[in-house]
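data04.cif (mmCIF, C-alpha atoms) appears below.
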```cif
data_data
loop_
_atom_site.label_atom_id
_atom_site.label_comp_id
_atom_site.auth_asym_id
_atom_site.auth_seq_id
_atom_site.Cartn_x
_atom_site.Cartn_y
_atom_site.Cartn_z
CA MET P 1 109.62 99.98 106.98
CA LEU P 2 109.13 96.23 107.16
CA GLU P 3 111.83 95.96 109.84
CA ILE P 4 109.73 98.01 112.25
CA ALA P 5 106.23 97.07 111.03
CA GLY P 6 105.58 94.76 113.99
CA GLU P 7 106.35 97.46 116.55
CA LEU P 8 104.37 100.09 114.66
CA SER P 9 101.44 97.70 114.34
CA ARG P 10 101.46 97.42 118.14
CA TRP P 11 101.59 101.20 118.50
CA ALA P 12 98.63 101.62 116.11
CA GLY P 13 96.72 98.85 117.92
CA GLN P 14 97.24 100.71 121.20
CA GLY P 15 95.99 103.96 119.64
CA ARG P 16 99.38 105.62 120.20
CA PRO P 17 99.96 108.67 118.02
CA PHE P 18 103.16 108.45 115.96
CA ALA P 19 104.91 109.83 112.91
CA VAL P 20 106.91 107.81 110.40
CA ALA P 21 109.85 109.10 108.39
CA THR P 22 110.53 106.98 105.31
CA VAL P 23 113.40 107.19 102.84
CA VAL P 24 111.63 107.69 99.51
CA ALA P 25 114.59 108.46 97.22
CA VAL P 26 118.37 108.12 97.21
CA THR P 27 120.86 109.80 94.90
CA GLY P 28 124.46 108.66 94.95
CA SER P 29 125.82 106.80 97.93
CA ALA P 30 123.65 106.60 101.06
CA PRO P 31 123.67 104.46 104.21
CA ARG P 32 120.04 103.32 103.87
CA GLN P 33 117.89 102.63 100.82
CA PRO P 34 114.27 103.60 100.00
CA GLY P 35 111.87 102.00 102.45
CA ALA P 36 114.10 102.50 105.49
CA ALA P 37 112.04 104.12 108.25
CA LEU P 38 112.22 105.85 111.62
CA ALA P 39 109.11 106.30 113.77
CA VAL P 40 108.57 108.50 116.81
CA ASP P 41 105.57 108.25 119.14
CA GLY P 42 103.91 110.93 121.25
CA ASP P 43 106.13 110.12 124.23
CA GLY P 44 109.31 110.57 122.16
CA THR P 45 110.11 106.87 121.81
CA ALA P 46 111.88 106.16 118.51
CA VAL P 47 112.36 102.95 116.52
CA GLY P 48 114.16 102.34 113.24
CA SER P 49 116.69 104.35 111.27
CA VAL P 50 116.76 106.37 108.06
CA SER P 51 120.48 107.16 107.84
CA GLY P 52 122.49 105.09 110.27
CA GLY P 53 123.04 108.21 112.39
CA CYS P 54 123.94 111.01 109.95
CA VAL P 55 120.62 112.86 110.09
CA GLU P 56 118.63 110.92 112.72
CA GLY P 57 118.47 113.90 115.11
CA ALA P 58 117.03 116.24 112.50
CA VAL P 59 114.56 113.61 111.31
CA TYR P 60 113.52 112.88 114.91
CA GLU P 61 112.69 116.59 115.35
CA LEU P 62 110.72 116.63 112.09
CA CYS P 63 108.73 113.63 113.34
CA ARG P 64 107.91 115.54 116.53
CA GLN P 65 106.83 118.55 114.44
CA VAL P 66 104.58 116.39 112.24
CA LEU P 67 103.08 114.82 115.38
CA ASP P 68 102.27 118.31 116.65
CA ASP P 69 100.83 119.88 113.51
CA GLY P 70 99.80 116.86 111.40
CA GLU P 71 101.29 118.35 108.23
CA PRO P 72 103.44 115.94 106.17
CA VAL P 73 106.99 117.00 105.30
CA LEU P 74 109.24 115.97 102.41
CA GLN P 75 112.84 116.84 103.29
CA ARG P 76 116.10 116.35 101.39
CA PHE P 77 119.33 115.67 103.27
CA GLY P 78 122.86 115.35 101.93
CA TYR P 79 125.77 116.86 100.12
CA GLY P 80 127.34 116.41 96.72
CA ASP P 81 130.22 113.97 96.41
CA GLU P 82 132.66 116.83 95.84
CA ASP P 83 132.16 118.34 99.32
CA ALA P 84 131.10 115.32 101.39
CA PHE P 85 134.51 114.72 102.95
CA ALA P 86 135.03 118.43 103.69
CA VAL P 87 132.07 118.41 106.09
CA GLY P 88 132.79 115.00 107.59
CA LEU P 89 130.24 112.93 105.66
CA THR P 90 131.79 109.91 104.03
CA CYS P 91 128.82 108.69 101.98
CA GLY P 92 128.08 111.75 99.84
CA GLY P 93 124.77 111.50 98.03
CA THR P 94 121.36 112.67 99.15
CA ILE P 95 118.29 111.11 100.70
CA ASP P 96 114.71 112.33 100.43
CA ILE P 97 112.60 111.56 103.47
CA LEU P 98 108.81 111.74 103.75
CA ILE P 99 107.46 112.28 107.27
CA THR P 100 103.77 111.67 107.96
CA ARG P 101 101.52 111.22 110.97
CA VAL P 102 99.90 107.77 111.12
CA ALA P 103 96.25 107.50 112.13
CA ALA P 104 95.39 104.39 114.17
CA ASP P 105 92.40 103.80 111.88
CA GLY P 106 94.03 104.77 108.57
CA VAL P 107 95.34 102.80 105.62
CA VAL P 108 98.97 103.02 106.79
CA ALA P 109 98.03 101.43 110.12
CA GLU P 110 96.07 98.77 108.21
CA ALA P 111 99.15 98.12 106.04
CA LEU P 112 101.34 97.83 109.15
CA HIS P 113 98.96 95.29 110.70
CA ALA P 114 98.95 93.25 107.48
CA ALA P 115 102.76 93.42 107.15
CA ALA P 116 103.17 92.29 110.77
CA ARG P 117 100.98 89.26 109.91
CA GLY P 118 103.13 88.54 106.83
CA GLU P 119 100.36 89.35 104.36
CA ALA P 120 101.13 90.58 100.85
CA LEU P 121 100.10 94.12 99.88
CA ALA P 122 101.47 97.30 98.39
CA LEU P 123 101.48 100.72 100.00
CA ALA P 124 102.11 103.75 97.78
CA ARG P 125 102.69 107.29 99.10
CA VAL P 126 102.36 110.56 97.17
CA VAL P 127 105.73 112.34 97.29
CA GLU P 128 105.35 114.67 94.31
CA GLY P 129 102.48 116.76 93.01
CA PRO P 130 99.91 119.06 94.61
CA ALA P 131 100.76 119.94 98.22
CA ALA P 132 97.30 118.80 99.35
CA LEU P 133 98.18 115.23 98.29
CA LEU P 134 101.66 115.03 99.88
CA GLY P 135 101.91 111.94 102.05
CA ARG P 136 98.52 110.50 101.05
CA ALA P 137 98.59 106.72 101.01
CA LEU P 138 97.09 104.09 98.74
CA LEU P 139 96.85 100.49 99.96
CA VAL P 140 96.52 97.82 97.25
CA ARG P 141 95.69 94.20 98.06
CA PRO P 142 96.61 91.12 95.98
CA ASP P 143 93.01 90.84 94.72
CA GLY P 144 93.29 94.33 93.19
CA SER P 145 91.07 96.04 95.75
CA TYR P 146 92.40 99.29 97.13
CA GLU P 147 91.65 102.11 99.51
CA GLY P 148 93.24 105.35 100.50
CA ALA P 149 94.35 108.26 98.36
CA LEU P 150 91.91 107.36 95.57
CA GLY P 151 89.10 106.18 97.84
CA PRO P 152 87.73 102.62 98.14
CA THR P 153 87.55 100.22 95.21
CA PRO P 154 84.56 101.24 93.06
CA GLY P 155 81.58 98.89 92.91
#
```
Re-express the file's structure as structure tokens.
Amino acid sequence: MLEIAGELSRWAGQGRPFAVATVVAVTGSAPRQPGAALAVDGDGTAVGSVSGGCVEGAVYELCRQVLDDGEPVLQRFGYGDEDAFAVGLTCGGTIDILITRVAADGVVAEALHAAARGEALALARVVEGPAALLGRALLVRPDGSYEGALGPTPG
């Protein structure tokens, strides 16, 4: 996501609605590693890549869906190594992609602004557990303060 953080920071600063698809897990061989991201704004503009082309179209459509309904999606793409060549995929493996809508005033937008400025921080996303928590974000700063999925730092 760092490769597109500057552009997404601009989008958030302009109040543009957008969804981000992020590779959150890879099994076997895959063209992109965890952290790779594709974002789509309300006008259909896309930046980034999650697969180098293999599943970009399907992920683009999922981003549009998440923009429309606001519900995060965790989707698995791929085939086992034994049938990858039979269907024209040369990498085999699977990728899990989390797609979420980004609020201009949320912790993900704040993390994008900080990343664009080169500031250190960590952003964690819930990808497993209760459905109500899917996609929730937790932003942790170097001083140990945090906000997001668990609420603001106590005290």
May I have a table of the residues of region 39-112 of chain P lying at most 8 Å from region 123-128 of chain P, giving each one's closest pair of atoms and their distance in Å to one decimal, counting all atoms listed in the file, ordered by chain and ascending residue number, as a tab-separated table?
```
residue	atom	partner	partner_atom	distance
P:Leu74	CA	P:Val127	CA	7.2
P:Leu98	CA	P:Val127	CA	7.2
P:Val108	CA	P:Leu123	CA	7.6
P:Ala111	CA	P:Leu123	CA	7.0
```
request  = Step by step, work through what the PyMOL selection byres ((chain P and resi 34-51) around 7) selects in the shown file, and finish by giving those residues as a VMD selection string.
outcome  = chain P and resid 1 4 16 to 26 31 to 33 52 to 56 60 63
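Between CA of Leu8 (chain P) and CA of Ile95 (chain P) there is a distance of 22.6 Å.
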task = Report the distance between CA of Leu2 (chain P) and CA of Ala115 (chain P) in Å, rounded to one decimal place.
result =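 Separation of CA of Leu2 (chain P) and CA of Ala115 (chain P): 7.0 Å.
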Residues matched by the PyMOL selection byres ((chain P and resi 107) around 10) as a list in words =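 With the PyMOL selection byres ((chain P and resi 107) around 10) on this model, the match is Val102, Ala103, Ala104, Asp105, Gly106, Val108, Ala109, Glu110, Ala111, Leu112, His113, Leu123, Arg136, Ala137, Leu138, Leu139, Val140, Tyr146, Glu147, Gly148 and Ala149 of chain P.
One finds CA of Glu119 (chain P) at 16.0 Å from CA of Arg10 (chain P).
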ask   = Once the PyMOL selection byres ((chain P and resi 70) around 10) has been applied to the shown file, what residues remain in the selection, as a list in words?
value = Ala19, Cys63, Arg64, Gln65, Val66, Leu67, Asp68, Asp69, Glu71, Pro72, Val73, Ile99, Thr100, Arg101 and Val102 of chain P
Atoms added to region 117-140 of chain P (N, CA, C and O atoms), reported as a tab-separated table (two decimals), keeping the file's coordinate frame:
```tsv
chain	number	residue	atom	x	y	z
P	117	ARG	N	101.53	90.62	110.04
P	117	ARG	CA	100.98	89.26	109.91
P	117	ARG	C	101.60	88.51	108.73
P	117	ARG	O	101.27	87.36	108.48
P	118	GLY	N	102.48	89.18	107.98
P	118	GLY	CA	103.13	88.54	106.83
P	118	GLY	C	102.28	88.51	105.58
P	118	GLY	O	102.57	87.76	104.66
P	119	GLU	N	101.25	89.32	105.53
P	119	GLU	CA	100.36	89.35	104.36
P	119	GLU	C	100.96	90.20	103.25
P	119	GLU	O	101.64	91.18	103.51
P	120	ALA	N	100.67	89.83	102.01
P	120	ALA	CA	101.13	90.58	100.85
P	120	ALA	C	100.22	91.78	100.61
P	120	ALA	O	99.00	91.68	100.74
P	121	LEU	N	100.83	92.92	100.26
P	121	LEU	CA	100.10	94.12	99.88
P	121	LEU	C	101.10	95.12	99.38
P	121	LEU	O	102.30	94.92	99.50
P	122	ALA	N	100.61	96.20	98.82
P	122	ALA	CA	101.47	97.30	98.39
P	122	ALA	C	100.93	98.58	99.01
P	122	ALA	O	99.72	98.77	99.09
P	123	LEU	N	101.84	99.42	99.45
P	123	LEU	CA	101.48	100.72	100.00
P	123	LEU	C	102.23	101.77	99.21
P	123	LEU	O	103.46	101.74	99.15
P	124	ALA	N	101.51	102.67	98.56
P	124	ALA	CA	102.11	103.75	97.78
P	124	ALA	C	101.84	105.07	98.50
P	124	ALA	O	100.77	105.27	99.07
P	125	ARG	N	102.84	105.97	98.48
P	125	ARG	CA	102.69	107.29	99.10
P	125	ARG	C	102.94	108.36	98.05
P	125	ARG	O	103.84	108.23	97.22
P	126	VAL	N	102.17	109.44	98.08
P	126	VAL	CA	102.36	110.56	97.17
P	126	VAL	C	103.52	111.40	97.70
P	126	VAL	O	103.49	111.87	98.85
P	127	VAL	N	104.57	111.55	96.88
P	127	VAL	CA	105.73	112.34	97.29
P	127	VAL	C	105.97	113.52	96.35
P	127	VAL	O	106.82	114.37	96.63
P	128	GLU	N	105.21	113.59	95.26
P	128	GLU	CA	105.35	114.67	94.31
P	128	GLU	C	103.98	115.04	93.77
P	128	GLU	O	103.15	114.15	93.58
P	129	GLY	N	103.76	116.32	93.54
P	129	GLY	CA	102.48	116.76	93.01
P	129	GLY	C	101.89	117.84	93.88
P	129	GLY	O	102.60	118.52	94.62
P	130	PRO	N	100.56	118.01	93.81
P	130	PRO	CA	99.91	119.06	94.61
P	130	PRO	C	100.18	118.88	96.11
P	130	PRO	O	100.14	117.75	96.62
P	131	ALA	N	100.45	119.98	96.79
P	131	ALA	CA	100.76	119.94	98.22
P	131	ALA	C	99.67	119.25	99.03
P	131	ALA	O	99.95	118.56	100.01
P	132	ALA	N	98.42	119.41	98.61
P	132	ALA	CA	97.30	118.80	99.35
P	132	ALA	C	97.36	117.28	99.33
P	132	ALA	O	96.75	116.62	100.17
P	133	LEU	N	98.10	116.69	98.39
P	133	LEU	CA	98.18	115.23	98.29
P	133	LEU	C	99.45	114.66	98.92
P	133	LEU	O	99.56	113.44	99.07
P	134	LEU	N	100.40	115.51	99.32
P	134	LEU	CA	101.66	115.03	99.88
P	134	LEU	C	101.42	114.10	101.05
P	134	LEU	O	100.68	114.40	101.98
P	135	GLY	N	102.01	112.91	100.97
P	135	GLY	CA	101.91	111.94	102.05
P	135	GLY	C	100.69	111.05	102.00
P	135	GLY	O	100.61	110.08	102.74
P	136	ARG	N	99.73	111.35	101.13
P	136	ARG	CA	98.52	110.50	101.05
P	136	ARG	C	98.94	109.10	100.68
P	136	ARG	O	99.90	108.88	99.95
P	137	ALA	N	98.22	108.13	101.20
P	137	ALA	CA	98.59	106.72	101.01
P	137	ALA	C	97.52	105.98	100.23
P	137	ALA	O	96.33	106.27	100.33
P	138	LEU	N	97.96	104.99	99.47
P	138	LEU	CA	97.09	104.09	98.74
P	138	LEU	C	97.52	102.67	99.06
P	138	LEU	O	98.67	102.30	98.87
P	139	LEU	N	96.61	101.89	99.61
P	139	LEU	CA	96.85	100.49	99.96
P	139	LEU	C	96.21	99.61	98.90
P	139	LEU	O	95.02	99.75	98.61
P	140	VAL	N	97.01	98.72	98.29
P	140	VAL	CA	96.52	97.82	97.25
P	140	VAL	C	96.73	96.39	97.70
P	140	VAL	O	97.83	96.00	98.10
```
